[in-house]
Amino acid sequence: MSTAAPSLTIGGAPLTPAQVLDVARHGARVVLAEDTRKAVRHGRERVEALAAGEQPAYGVSTGFGALATRHIAPDLRADLQRSLIRSHAAGAGPEAEREVVRALMLLRLRTLCSGRTGVRSVTVETLAGLLNAGITPIVHEYGSLGCSGDLAPLSHVALALMGEGEVRDASGERRPAGEALAEAGIAPVVLAAKEGLALINGTDGMLGMLALACQDLGRLLTVADITAAMSVEALLGTDRVFADELQRLRPHPGQAASASNLRALLAGSPVVASHQGPDCDRVQDAYSLRCAPQVAGAARDTLAHAHLVAARELDSVIDNPVVLEDGRVESNGNFHGAPVAHVLDFLAIAVADTASIAERRTDRMLDVSRSHGLPAFLADDPGVDSGHMIAQYTQAAVVSELKRLAAPASVDSIPSSAMQEDHVSMGWSAARKLRRAVDGLTTVLAVELLTAARALDLRSPLEPGPATGAVVRALREHVPGPGPDRHLSPEIAAAADLVTDGTVVAAAESVTPLA
């Protein structure tokens, strides 16, 4: 794991997406606040009182789902919880990424710490111990319908708490859970009444992936403005369409932020200044240049809405049944993932559109009929060399995939549990495809970055603006400038790394602040 961020205290204020990222991706440790421990003890007292009573209580003294009408005798309730986890740990397919599993573990821990789920302190502390030991249960790609929580993914985590199933240890080695727990000095949990249900009845997987996507897309949309500005320069476009007085006529916040970035990035550009004289016969730029802030801005506004939904969900207690402040234990439907699923699908649409307009800008730089003097495909010797011809093919293939990934998962409910769970959210599926979409947008922007930088080099002796020039120089530390054809895949990968690790944004912001 990477160097750990400062410890995160669970309790009090809601978590933020940035804090989820710290624990999930950067290995920050978690610490339980004393108030949290008190809340957990209070909630457990109420569940134990309910378990001792004669009146059936869902998940405490009854079965689950379509089997909720069966009363379970006290001497079978530990078996009930254990059987629930074993049977629900039914995932299949490839492993979910380590950061996804850590995110869902953190978010389930946060809900357990609320005291509203009725679990014991030892269960909460054991889950925190797994996170801090870097032990990551094996969770599979398929199994969650996004209703009654991310049942199968969370069940694989709960199985590891019991010392069963498989995990990856801090070094990434796949091992039996019991063996890894013993080595870390963590005793497996023997689940008590309601605890199995409380461990799996949440939207934590889909929410964790939403939080991670929100953080990644914030950076990628800034990169989209940077590569758009570079393309505007490379294609001898104008910056006048990004003027503040024009943008104020349509006061969408995201559009204003994107246009502000474009103005800052193009400020002082000798390339832009070179064709502003009276002899310039260009009337209007193509939509992919002129409408860059409108498209990227709409994506920014979509992301802002996603942040709002994530913040609300990060402030939620998701379980069924739940312990109320007055001690009552009530069933509810808060585990339904629709609020999260809808915004995950919405983001996938924004990602596809942002990538699509970036690919159109790339294609213009390669076409001699539209590139205003650049060589065909930016090749060193067109005909002998193919230049960036196939890099644009790669972009096009990814954009096509992104359009398919933009089809919503949340409209595709499949009834389950003998029609007891007759409308589900498919939020986990929406989150999984959004993760692939974020990766695809990264690749598309990396290709635009490579192509625009090459085109700007070919405009020499004209120079790009200070900010875009700084980005070109940062890229040139890893990828050489124009020349005869060479192996492009490593260059695309290198550019994608610079997009992902923040180098591209940092280079631009070394000259001018960006929104």
# chains A, B, ... in the order shown; residues from 1 in each chain; ligands from 1
>>> select_by_dssp(residues="stretch 51-172 of chain A", states="strand (DSSP E)", output="list of chain:residue names")
A:Ala92, A:Gly93, A:Pro94, A:Glu95, A:Thr136, A:Pro137, A:His140, A:Glu141, A:Tyr142, A:Glu166, A:Val167, A:Arg168
>>> residues_around(residues="A:Pro490", least_positions_apart="3", cutoff="12 Å", atoms="only C-alpha atoms", output="ChimeraX atom specification")
/A:391,446-447,450,478-480,486-487,493-497
>>> residues_around(residues="A:Tyr142", least_positions_apart="2", cutoff="10 Å", atoms="only C-alpha atoms", output="list of chain:residue names")
A:Ala90, A:Gly91, A:Ala92, A:Gly93, A:Pro94, A:Glu95, A:Ala96, A:Val139, A:His140, A:Ser144, A:Leu145, A:Ala152, A:Pro153, A:Trp428, A:Ser429, A:Arg432
>>> atom_distance(atom1="atom CA of A:Val101", atom2="atom CA of A:Thr136")
6.7 Å
>>> closest_atom_pairs(of="stretch 288-407 of chain A", to="stretch 10-29 of chain A", cutoff="8 Å", atoms="only C-alpha atoms", output="JSON lines")
{"residue": "A:Ala310", "atom": "CA", "partner": "A:Pro17", "partner_atom": "CA", "distance": 7.6}
{"residue": "A:Ala311", "atom": "CA", "partner": "A:Thr16", "partner_atom": "CA", "distance": 6.7}
{"residue": "A:Leu314", "atom": "CA", "partner": "A:Leu15", "partner_atom": "CA", "distance": 6.0}
{"residue": "A:Asp315", "atom": "CA", "partner": "A:Pro14", "partner_atom": "CA", "distance": 5.1}
>>> closest_residue(among="A:Ala49, A:Gln294, A:Glu330, A:Ala193", to="A:Arg248", atoms="only C-alpha atoms")
A:Gln294
>>> closest_residue(among="A:Ala133, A:Ala158, A:Val223, A:Val384", to="A:Val189", atoms="only C-alpha atoms")
A:Ala158
>>> select_by_dssp(residues="stretch 136-361 of chain A", states="helix (DSSP H, G or I)", output="NGL selection string")
:A and (151-161 or 177-183 or 195-200 or 204-234 or 240-242 or 244-247 or 253-266 or 270-273 or 287-290 or 292-314 or 338-361)
>>> closest_residue(among="A:Ser83, A:Leu32, A:Ala198, A:Gly205", to="A:Arg98", atoms="only C-alpha atoms")
A:Gly205
>>> residues_around(residues="A:Glu195", least_positions_apart="2", cutoff="9 Å", atoms="only C-alpha atoms", output="list in words")
Gly59, Val60, Gln81, Thr117, Gly118, Val119, Arg120, Thr123, Leu191, Ala192, Ala193, Leu197, Ala198, Leu199 and Ile200 of chain A
